[in-house]
>>> print(open('protein.txt').read())   # compact mmCIF, C-alpha atoms
# COMPACT_ATOMS: atom_id res chain seq x y z
CA MET A 1 2.16 -8.31 0.03
CA LYS A 2 1.41 -11.82 1.15
CA LEU A 3 4.28 -13.24 -0.87
CA LYS A 4 6.76 -16.02 -0.35
CA ASN A 5 9.84 -14.66 1.29
CA SER A 6 12.24 -17.35 0.10
CA VAL A 7 14.15 -17.01 -3.15
CA ARG A 8 16.64 -19.21 -4.91
CA ALA A 9 20.20 -17.98 -4.79
CA ALA A 10 20.32 -17.97 -8.58
CA LEU A 11 17.69 -15.26 -8.69
CA LEU A 12 19.85 -12.94 -6.64
CA THR A 13 22.18 -12.39 -9.59
CA THR A 14 19.43 -11.59 -12.07
CA ALA A 15 20.74 -10.11 -15.32
CA LEU A 16 20.01 -6.40 -15.69
CA ILE A 17 18.18 -4.97 -18.66
CA ALA A 18 20.29 -2.38 -20.41
CA GLY A 19 19.00 0.86 -21.82
CA THR A 20 19.01 3.37 -18.94
CA ALA A 21 21.94 5.48 -17.88
CA VAL A 22 23.57 4.40 -14.63
CA PRO A 23 25.53 6.98 -12.63
CA ALA A 24 29.09 6.69 -11.43
CA PHE A 25 29.60 6.30 -7.68
CA ALA A 26 32.08 7.91 -5.32
CA ASP A 27 33.22 4.61 -3.86
CA GLY A 28 34.77 3.69 -7.20
CA GLY A 29 32.67 0.55 -7.57
CA SER A 30 31.12 -0.33 -10.90
CA ALA A 31 27.64 1.06 -11.45
CA VAL A 32 26.36 -2.30 -12.70
CA GLY A 33 27.70 -4.02 -9.60
CA THR A 34 25.99 -1.49 -7.34
CA ALA A 35 22.67 -1.93 -9.16
CA ASP A 36 23.07 -5.71 -9.03
CA GLN A 37 23.56 -5.54 -5.27
CA ALA A 38 20.47 -3.34 -4.93
CA VAL A 39 18.40 -5.84 -6.95
CA ALA A 40 19.70 -8.76 -4.89
CA ALA A 41 18.77 -7.15 -1.56
CA VAL A 42 15.25 -6.28 -2.70
CA GLN A 43 14.42 -9.56 -4.42
CA LYS A 44 15.77 -11.54 -1.47
CA ALA A 45 13.20 -9.76 0.69
CA THR A 46 10.24 -9.88 -1.72
CA GLY A 47 10.88 -12.97 -3.80
CA THR A 48 10.07 -12.72 -7.50
CA SER A 49 6.82 -14.66 -7.90
CA GLY A 50 4.63 -11.63 -7.13
CA ILE A 51 6.38 -9.18 -9.46
CA ALA A 52 4.58 -8.27 -12.69
CA THR A 53 6.92 -8.11 -15.67
CA GLY A 54 6.23 -5.75 -18.53
CA SER A 55 8.58 -3.09 -19.79
CA LYS A 56 11.15 -0.87 -18.11
CA THR A 57 8.37 1.67 -17.59
CA GLY A 58 5.79 -0.60 -15.95
CA ALA A 59 3.12 -3.22 -16.59
CA VAL A 60 -0.59 -3.66 -17.28
CA MET A 61 -2.54 -6.19 -15.19
CA LYS A 62 -6.00 -7.60 -15.86
CA THR A 63 -8.13 -7.69 -12.70
CA ASP A 64 -11.79 -8.43 -12.01
CA ARG A 65 -12.36 -4.66 -11.94
CA GLY A 66 -10.69 -4.01 -15.29
CA LEU A 67 -7.17 -3.17 -16.39
CA VAL A 68 -4.71 -1.65 -13.93
CA THR A 69 -1.66 0.13 -15.33
CA VAL A 70 1.48 0.57 -13.22
CA THR A 71 4.01 3.13 -14.43
CA THR A 72 7.43 3.09 -12.81
CA PRO A 73 9.56 6.26 -12.91
CA ALA A 74 12.63 6.42 -15.12
CA SER A 75 14.53 8.11 -12.30
CA ALA A 76 14.24 8.33 -8.54
CA GLU A 77 12.59 11.75 -8.45
CA GLY A 78 9.73 10.61 -10.68
CA GLN A 79 6.30 9.33 -9.65
CA LEU A 80 5.24 5.71 -9.22
CA SER A 81 1.69 5.51 -10.61
CA VAL A 82 -1.16 2.99 -10.43
CA ALA A 83 -4.06 3.84 -12.77
CA ALA A 84 -7.51 2.23 -12.97
CA SER A 85 -9.37 1.50 -16.19
CA ASP A 86 -11.37 4.73 -15.79
CA GLY A 87 -8.15 6.75 -16.02
CA SER A 88 -7.99 7.73 -12.35
CA ALA A 89 -4.63 7.16 -10.67
CA VAL A 90 -2.84 7.23 -7.34
CA THR A 91 0.80 8.29 -7.45
CA MET A 92 3.60 7.93 -4.93
CA GLY A 93 6.83 9.91 -4.82
CA LEU A 94 9.99 8.18 -3.68
CA PRO A 95 12.12 9.58 -0.80
CA ALA A 96 14.98 10.49 -3.12
CA ALA A 97 17.70 13.06 -2.56
CA VAL A 98 19.47 12.36 -5.88
CA ASP A 99 17.71 11.88 -9.22
CA THR A 100 19.36 8.52 -9.89
CA ALA A 101 18.45 6.77 -13.12
CA GLY A 102 16.60 3.48 -12.77
CA THR A 103 17.85 0.07 -13.87
CA THR A 104 15.35 -2.76 -14.34
CA SER A 105 16.09 -6.43 -13.62
CA ALA A 106 14.82 -9.29 -15.74
CA ALA A 107 12.37 -10.15 -12.94
CA GLY A 108 10.84 -6.66 -13.07
CA THR A 109 12.47 -4.81 -10.14
CA THR A 110 13.64 -1.27 -10.95
CA VAL A 111 16.40 -0.01 -8.67
CA TYR A 112 17.77 3.49 -8.04
CA PRO A 113 21.11 2.93 -6.25
CA ASN A 114 22.36 5.58 -3.81
CA ALA A 115 19.28 7.74 -4.40
CA ALA A 116 19.51 8.98 -0.80
CA ALA A 117 22.12 8.90 1.96
CA HIS A 118 23.14 5.30 2.67
CA THR A 119 19.93 4.26 0.89
CA ASP A 120 18.91 2.49 -2.30
CA LEU A 121 15.37 2.84 -3.66
CA ALA A 122 13.38 0.44 -5.84
CA THR A 123 9.95 -0.07 -7.40
CA GLN A 124 7.97 -3.11 -8.49
CA ALA A 125 4.67 -3.60 -10.26
CA THR A 126 2.80 -6.47 -8.57
CA VAL A 127 0.58 -9.14 -10.08
CA VAL A 128 -2.38 -8.13 -7.88
CA GLY A 129 -2.63 -4.82 -9.75
CA GLY A 130 -0.55 -2.63 -7.49
CA ALA A 131 2.94 -1.31 -6.91
CA ARG A 132 5.68 -1.40 -4.31
CA ALA A 133 8.05 1.39 -3.37
CA LEU A 134 11.02 -0.22 -1.62
CA VAL A 135 13.69 1.38 0.56
CA THR A 136 16.95 -0.42 1.31
CA LEU A 137 18.81 0.91 4.35
CA LYS A 138 22.37 -0.13 3.57
CA ASP A 139 23.89 0.47 6.99
CA ALA A 140 23.16 1.90 10.44
CA ALA A 141 23.72 5.47 9.20
CA ALA A 142 20.71 5.30 6.86
CA PRO A 143 17.71 7.44 7.89
CA THR A 144 14.98 5.36 9.51
CA THR A 145 12.15 7.77 8.66
CA GLN A 146 11.06 7.73 5.03
CA ARG A 147 8.47 10.04 3.46
CA PHE A 148 6.32 9.15 0.45
CA GLU A 149 4.25 11.92 -1.15
CA LEU A 150 0.89 10.60 -2.36
CA GLY A 151 -1.13 12.01 -5.22
CA LEU A 152 -4.83 11.13 -4.89
CA PRO A 153 -7.66 11.59 -7.40
CA GLU A 154 -10.10 14.42 -6.74
CA GLY A 155 -12.47 13.44 -3.95
CA ALA A 156 -10.31 10.57 -2.68
CA SER A 157 -8.96 10.40 0.87
CA LEU A 158 -7.32 7.96 3.28
CA VAL A 159 -8.94 6.08 6.17
CA ALA A 160 -6.92 3.95 8.61
CA ASP A 161 -7.97 0.31 8.25
CA GLY A 162 -7.20 -0.62 11.87
CA ASN A 163 -4.46 -3.07 10.83
CA GLY A 164 -1.63 -0.64 10.20
CA GLY A 165 -2.57 0.28 6.63
CA TYR A 166 -4.99 2.66 4.93
CA ASP A 167 -7.96 2.33 2.62
CA ILE A 168 -8.09 4.82 -0.26
CA VAL A 169 -11.74 5.86 -0.38
CA THR A 170 -14.17 7.83 -2.52
CA SER A 171 -17.87 8.65 -2.16
CA ALA A 172 -20.13 5.59 -2.13
CA GLY A 173 -22.99 7.56 -3.67
CA GLY A 174 -25.56 9.02 -1.27
CA ALA A 175 -23.78 8.11 1.96
CA GLY A 176 -20.52 6.69 3.22
CA LEU A 177 -17.15 6.20 1.58
CA VAL A 178 -16.19 3.09 -0.39
CA ALA A 179 -12.63 1.74 -0.52
CA ARG A 180 -11.34 1.76 -4.10
CA GLY A 181 -7.75 1.07 -3.19
CA HIS A 182 -5.53 0.09 -0.30
CA ILE A 183 -2.13 0.72 1.26
CA ASP A 184 -1.05 -2.48 2.97
CA ALA A 185 0.35 -2.51 6.48
CA PRO A 186 4.12 -1.94 6.25
CA TRP A 187 6.84 -4.51 6.68
CA ALA A 188 10.62 -4.43 6.94
CA LYS A 189 13.19 -7.25 6.93
CA ASP A 190 16.87 -7.38 7.68
CA ALA A 191 19.53 -9.27 5.72
CA ASN A 192 18.77 -12.46 7.68
CA GLY A 193 15.06 -12.32 6.84
CA LYS A 194 14.17 -11.20 10.37
CA SER A 195 11.22 -8.82 10.70
CA VAL A 196 12.11 -5.30 11.78
CA PRO A 197 9.44 -3.23 13.58
CA THR A 198 7.93 -0.57 11.34
CA ARG A 199 4.84 1.61 11.24
CA TYR A 200 3.08 4.31 9.23
CA SER A 201 1.86 7.74 10.14
CA LEU A 202 0.19 10.33 7.95
CA GLU A 203 0.75 14.05 7.47
CA GLY A 204 -1.89 15.27 5.04
CA THR A 205 -1.22 13.09 2.00
CA THR A 206 2.38 12.28 2.98
CA LEU A 207 2.81 8.68 4.07
CA ILE A 208 5.62 8.40 6.63
CA GLN A 209 7.24 5.05 7.35
CA THR A 210 9.33 4.66 10.51
CA ILE A 211 11.68 1.67 10.63
CA GLU A 212 12.97 0.72 14.08
CA THR A 213 16.38 -0.74 13.36
CA GLY A 214 18.20 -1.80 16.50
CA PRO A 215 21.65 -3.12 17.45
CA ASP A 216 20.69 -6.64 16.35
CA ALA A 217 19.51 -5.66 12.85
CA ALA A 218 21.61 -7.12 10.04
CA PHE A 219 22.02 -4.71 7.15
CA PRO A 220 20.82 -4.14 4.52
CA VAL A 221 17.27 -3.67 5.81
CA VAL A 222 14.49 -3.57 3.18
CA ALA A 223 11.16 -1.83 3.87
CA ASP A 224 8.08 -1.71 1.68
CA PRO A 225 4.99 0.43 1.14
CA HIS A 226 2.64 -1.45 -1.24
CA TYR A 227 -0.56 0.01 -2.65
CA THR A 228 -3.35 -0.76 -5.11
CA TRP A 229 -5.93 1.45 -6.81
CA GLY A 230 -9.07 0.76 -8.83
CA ILE A 231 -9.76 -2.54 -7.04
CA ILE A 232 -12.78 -2.06 -4.78
CA SER A 233 -12.30 -3.89 -1.50
CA GLY A 234 -15.96 -3.76 -0.51
CA THR A 235 -15.45 -1.84 2.76
CA VAL A 236 -17.77 1.16 3.21
CA TYR A 237 -17.18 3.68 6.00
CA PHE A 238 -19.94 5.75 7.63
CA ASN A 239 -19.50 8.94 9.65
CA LYS A 240 -20.89 9.64 13.12
CA SER A 241 -24.25 11.05 12.02
CA GLU A 242 -24.85 8.08 9.68
CA THR A 243 -23.76 5.69 12.45
CA LYS A 244 -26.32 7.22 14.83
CA VAL A 245 -29.08 6.69 12.26
CA LEU A 246 -28.12 3.01 11.93
CA ALA A 247 -27.98 2.62 15.74
CA LEU A 248 -31.58 3.81 15.94
CA GLY A 249 -32.69 1.28 13.31
CA GLY A 250 -32.85 3.76 10.45
CA THR A 251 -31.61 3.42 6.87
CA VAL A 252 -28.91 5.51 5.24
CA VAL A 253 -28.53 3.62 1.93
CA SER A 254 -30.89 1.19 0.19
CA TRP A 255 -28.35 -1.58 -0.37
CA LEU A 256 -27.71 -2.31 3.34
CA PRO A 257 -29.58 -5.21 4.99
CA HIS A 258 -32.16 -4.11 7.59
CA PRO A 259 -30.35 -2.75 10.68
CA ALA A 260 -32.16 -5.27 12.88
CA ALA A 261 -30.83 -8.26 10.92
CA GLU A 262 -28.88 -10.51 13.30
CA VAL A 263 -26.16 -13.05 12.68
CA GLY A 264 -24.54 -14.74 15.65
CA GLY A 265 -26.29 -12.38 18.04
CA ARG A 266 -24.95 -9.24 16.33
CA SER A 267 -26.89 -6.74 14.29
CA ILE A 268 -25.99 -3.66 12.30
CA ALA A 269 -27.91 -1.58 14.81
CA GLY A 270 -26.09 -3.24 17.69
CA ILE A 271 -22.67 -2.65 16.19
CA ALA A 272 -23.62 0.93 15.38
CA GLY A 273 -24.90 1.43 18.94
CA TYR A 274 -21.57 0.25 20.32
CA ALA A 275 -19.77 2.64 17.95
CA VAL A 276 -21.89 5.57 19.16
CA ALA A 277 -21.29 4.66 22.81
CA THR A 278 -17.51 4.54 22.29
CA ASP A 279 -17.36 7.66 20.10
CA GLN A 280 -16.52 5.66 16.98
CA CYS A 281 -18.13 4.96 13.60
CA ILE A 282 -19.32 1.85 11.77
CA LYS A 283 -17.85 0.25 8.68
CA PHE A 284 -19.61 -2.35 6.60
CA LYS A 285 -18.63 -5.01 4.06
CA VAL A 286 -20.41 -5.19 0.71
CA ASN A 287 -19.49 -6.72 -2.63
CA PRO A 288 -17.57 -4.73 -5.25
CA GLY A 289 -20.79 -3.67 -7.01
CA LEU A 290 -22.22 -2.21 -3.77
CA ALA A 291 -24.93 -4.85 -3.67
CA PRO A 292 -25.16 -6.51 -0.24
CA LEU A 293 -23.70 -9.91 0.38
CA SER A 294 -25.66 -12.55 2.27
CA PRO A 295 -26.37 -11.36 5.85
CA ALA A 296 -23.82 -13.81 7.29
CA LEU A 297 -21.01 -12.63 5.04
CA ALA A 298 -22.02 -9.01 5.39
CA MET A 299 -21.96 -9.14 9.18
CA SER A 300 -18.55 -10.79 9.18
CA GLY A 301 -17.16 -7.67 7.53
CA SER A 302 -18.78 -5.16 9.86
CA GLY A 303 -17.01 -3.35 12.65
CA VAL A 304 -16.04 0.00 14.09
CA TYR A 305 -13.26 2.47 13.38
CA GLY A 306 -12.11 5.93 14.44
CA GLY A 307 -12.32 6.80 18.12
CA SER A 308 -9.59 8.35 20.22
CA ALA A 309 -6.97 7.88 17.51
CA GLY A 310 -8.99 10.21 15.35
CA ASP A 311 -10.03 9.77 11.73
CA GLY A 312 -10.74 12.30 9.03
CA TYR A 313 -14.14 10.84 8.12
CA CYS A 314 -15.33 9.62 11.55
CA ARG A 315 -16.55 13.00 12.75
>>> encode(input="protein.txt", output="structure tokens")
Amino acid sequence: MKLKNSVRAALLTTALIAGTAVPAFADGGSAVGTADQAVAAVQKATGTSGIATGSKTGAVMKTDRGLVTVTTPASAEGQLSVAASDGSAVTMGLPAAVDTAGTTSAAGTTVYPNAAAHTDLATQATVVGGARALVTLKDAAAPTTQRFELGLPEGASLVADGNGGYDIVTSAGGAGLVARGHIDAPWAKDANGKSVPTRYSLEGTTLIQTIETGPDAAFPVVADPHYTWGIISGTVYFNKSETKVLALGGTVVSWLPHPAAEVGGRSIAGIAGYAVATDQCIKFKVNPGLAPLSPALAMSGSGVYGGSAGDGYCR
């Protein structure tokens, strides 16, 4: 989501691709005009340089981990899907109350106008091999809590990354969990481009985004969950028993450097010992093939997670 936030005014009136049914609206406005306004609000917030264009149903991106296929739903009650080259996929349901048909802009944004009370929804495939689910709060009456139902592959789970987002993890083989996907930390912007406070919480596999609009927020406010799948980030998480083994200088997997290896006065054993003392767990950075990086690079990606906030794997 590290995209340019500026956008030329000409892009805000992007022509819409025909071919999907657009509903009539109670306010008497034209359906095309309503969809055009929804596109303008979203693309003003995201820009267009990071959107992957394909068809009205999604796009296929080539990444260093293979092809990633994003499928956007034809209507608001469908599933946004990101699938890896092995066929596994993570899906996200939109917080829709009405099954509004989608309309896709020339830049690749699909909008679902008035899909919930005072709310437009949208989706985008992104060039990094992921997808966005966007919520536009059109006025102060729009609900500020939005729920996104996640569908995870068998054996996958979510681990908080410590920066407001989540890693989507699977077994690393033998020990630990490796991140195969990621949900970025959330953002929200008002009509003036000002950041609006927002945060995630998790109920099972339901991602909940809370958007703290205040009296100074200029509407519409656009908020964005963005996620990828099938692109291994290189972060491996260990649980408490594995962390204790590392703290004592033991080995849990063959591809880790020796626990006593030090870089800048820090060692794996030392970091693990701190994690044990603070009731946390250790995480470690490796390359996408699970072969260790040089000790210096590997240590720069090490750290702790879990603790008092609780984590499903740090136990």
>>> residues_around(input="protein.txt", residues="Leu246 in chain A", least_positions_apart="6", cutoff="9 Å", atoms="all atoms listed in the file", output="ChimeraX atom specification")
/A:252,259,268-273,282
>>> closest_residue(input="protein.txt", among="A:Thr57, A:Gln37, A:Ser302, A:Thr243", to="Asn114 in chain A", atoms="all atoms listed in the file")
A:Gln37
>>> atom_distance(input="protein.txt", atom1="CA of Ser195 in chain A", atom2="CA of Asn163 in chain A")
16.7 Å
>>> closest_residue(input="protein.txt", among="A:Gly155, A:Pro143, A:Gly58, A:Gly193", to="Pro73 in chain A", atoms="all atoms listed in the file")
A:Gly58
>>> closest_residue(input="protein.txt", among="A:Gly130, A:Gly165, A:Gly176, A:Gly151", to="Met92 in chain A", atoms="all atoms listed in the file")
A:Gly151
>>> residues_around(input="protein.txt", residues="Ala122 in chain A", least_positions_apart="3", cutoff="8 Å", atoms="all atoms listed in the file", output="PyMOL selection string")
chain A and resi 42+109-112+133-135
>>> closest_residue(input="protein.txt", among="A:Val178, A:Ala101, A:Ala89, A:Ile51", to="Ala74 in chain A", atoms="all atoms listed in the file")
A:Ala101
>>> atom_distance(input="protein.txt", atom1="CA of Tyr227 in chain A", atom2="CA of His182 in chain A")
5.5 Å
>>> closest_residue(input="protein.txt", among="A:Gly173, A:Pro153, A:Pro220, A:Gly204", to="His118 in chain A", atoms="all atoms listed in the file")
A:Pro220
>>> residues_around(input="protein.txt", residues="Ala188 in chain A", least_positions_apart="3", cutoff="9 Å", atoms="only C-alpha atoms", output="tab-separated table (two decimals) with C-alpha atoms, keeping the file's coordinate frame")
chain	number	residue	atom	x	y	z
A	45	ALA	CA	13.20	-9.76	0.69
A	194	LYS	CA	14.17	-11.20	10.37
A	195	SER	CA	11.22	-8.82	10.70
A	196	VAL	CA	12.11	-5.30	11.78
A	197	PRO	CA	9.44	-3.23	13.58
A	198	THR	CA	7.93	-0.57	11.34
A	211	ILE	CA	11.68	1.67	10.63
A	221	VAL	CA	17.27	-3.67	5.81
A	222	VAL	CA	14.49	-3.57	3.18
A	223	ALA	CA	11.16	-1.83	3.87
A	224	ASP	CA	8.08	-1.71	1.68
>>> atom_distance(input="protein.txt", atom1="CA of Pro225 in chain A", atom2="CA of Thr63 in chain A")
20.7 Å
>>> decode(input="protein.txt", residues="range 58-126 of chain A", atoms="C-alpha atoms", output="short mmCIF file (atom, residue, chain, number, x, y, z; two decimals), in the first residue's frame")
data_model
loop_
_atom_site.label_atom_id
_atom_site.label_comp_id
_atom_site.auth_asym_id
_atom_site.auth_seq_id
_atom_site.Cartn_x
_atom_site.Cartn_y
_atom_site.Cartn_z
CA GLY A 58 -9.62 -9.53 -12.03
CA ALA A 59 -5.99 -9.78 -13.10
CA VAL A 60 -2.99 -12.13 -13.15
CA MET A 61 0.36 -10.82 -11.87
CA LYS A 62 3.80 -12.37 -12.33
CA THR A 63 5.82 -12.31 -9.11
CA ASP A 64 9.13 -13.84 -8.04
CA ARG A 65 7.11 -16.61 -6.38
CA GLY A 66 5.04 -17.42 -9.47
CA LEU A 67 1.73 -16.21 -10.83
CA VAL A 68 -0.82 -14.60 -8.52
CA THR A 69 -4.43 -14.43 -9.69
CA VAL A 70 -6.82 -11.85 -8.26
CA THR A 71 -10.53 -12.43 -8.84
CA THR A 72 -12.88 -9.56 -8.09
CA PRO A 73 -16.55 -10.32 -7.36
CA ALA A 74 -19.22 -9.43 -9.90
CA SER A 75 -21.41 -8.13 -7.08
CA ALA A 76 -20.89 -6.86 -3.56
CA GLU A 77 -21.87 -10.08 -1.81
CA GLY A 78 -19.24 -12.09 -3.69
CA GLN A 79 -15.72 -12.98 -2.58
CA LEU A 80 -12.52 -11.11 -3.40
CA SER A 81 -9.89 -13.81 -4.01
CA VAL A 82 -6.08 -13.89 -4.27
CA ALA A 83 -4.73 -17.26 -5.45
CA ALA A 84 -1.13 -18.48 -5.57
CA SER A 85 0.37 -20.54 -8.37
CA ASP A 86 -0.19 -23.73 -6.34
CA GLY A 87 -3.94 -23.12 -6.40
CA SER A 88 -4.27 -22.08 -2.75
CA ALA A 89 -6.22 -18.88 -2.14
CA VAL A 90 -7.22 -16.38 0.51
CA THR A 91 -10.65 -14.83 0.10
CA MET A 92 -12.23 -11.75 1.65
CA GLY A 93 -15.93 -10.96 1.88
CA LEU A 94 -17.04 -7.36 1.59
CA PRO A 95 -19.21 -5.71 4.30
CA ALA A 96 -22.22 -5.48 1.99
CA ALA A 97 -25.87 -5.21 2.96
CA VAL A 98 -27.13 -5.04 -0.65
CA ASP A 99 -25.89 -7.26 -3.48
CA THR A 100 -25.02 -4.33 -5.73
CA ALA A 101 -23.58 -5.14 -9.14
CA GLY A 102 -20.00 -4.02 -9.74
CA THR A 103 -18.86 -1.48 -12.33
CA THR A 104 -15.20 -1.42 -13.36
CA SER A 105 -13.28 1.73 -14.31
CA ALA A 106 -10.71 1.89 -17.08
CA ALA A 107 -7.98 2.10 -14.41
CA GLY A 108 -9.13 -1.19 -12.84
CA THR A 109 -11.21 -0.12 -9.82
CA THR A 110 -14.48 -2.02 -9.39
CA VAL A 111 -17.11 -0.13 -7.40
CA TYR A 112 -20.33 -1.27 -5.73
CA PRO A 113 -22.27 1.96 -5.03
CA ASN A 114 -24.64 2.06 -2.04
CA ALA A 115 -23.81 -1.54 -1.10
CA ALA A 116 -24.37 -0.66 2.57
CA ALA A 117 -25.95 2.20 4.49
CA HIS A 118 -24.29 5.49 3.51
CA THR A 119 -21.42 3.39 2.15
CA ASP A 120 -19.87 2.53 -1.21
CA LEU A 121 -17.60 -0.49 -1.58
CA ALA A 122 -14.80 -1.12 -4.07
CA THR A 123 -12.07 -3.61 -4.99
CA GLN A 124 -8.74 -3.35 -6.77
CA ALA A 125 -6.16 -5.87 -7.89
CA THR A 126 -2.68 -4.45 -7.12
#
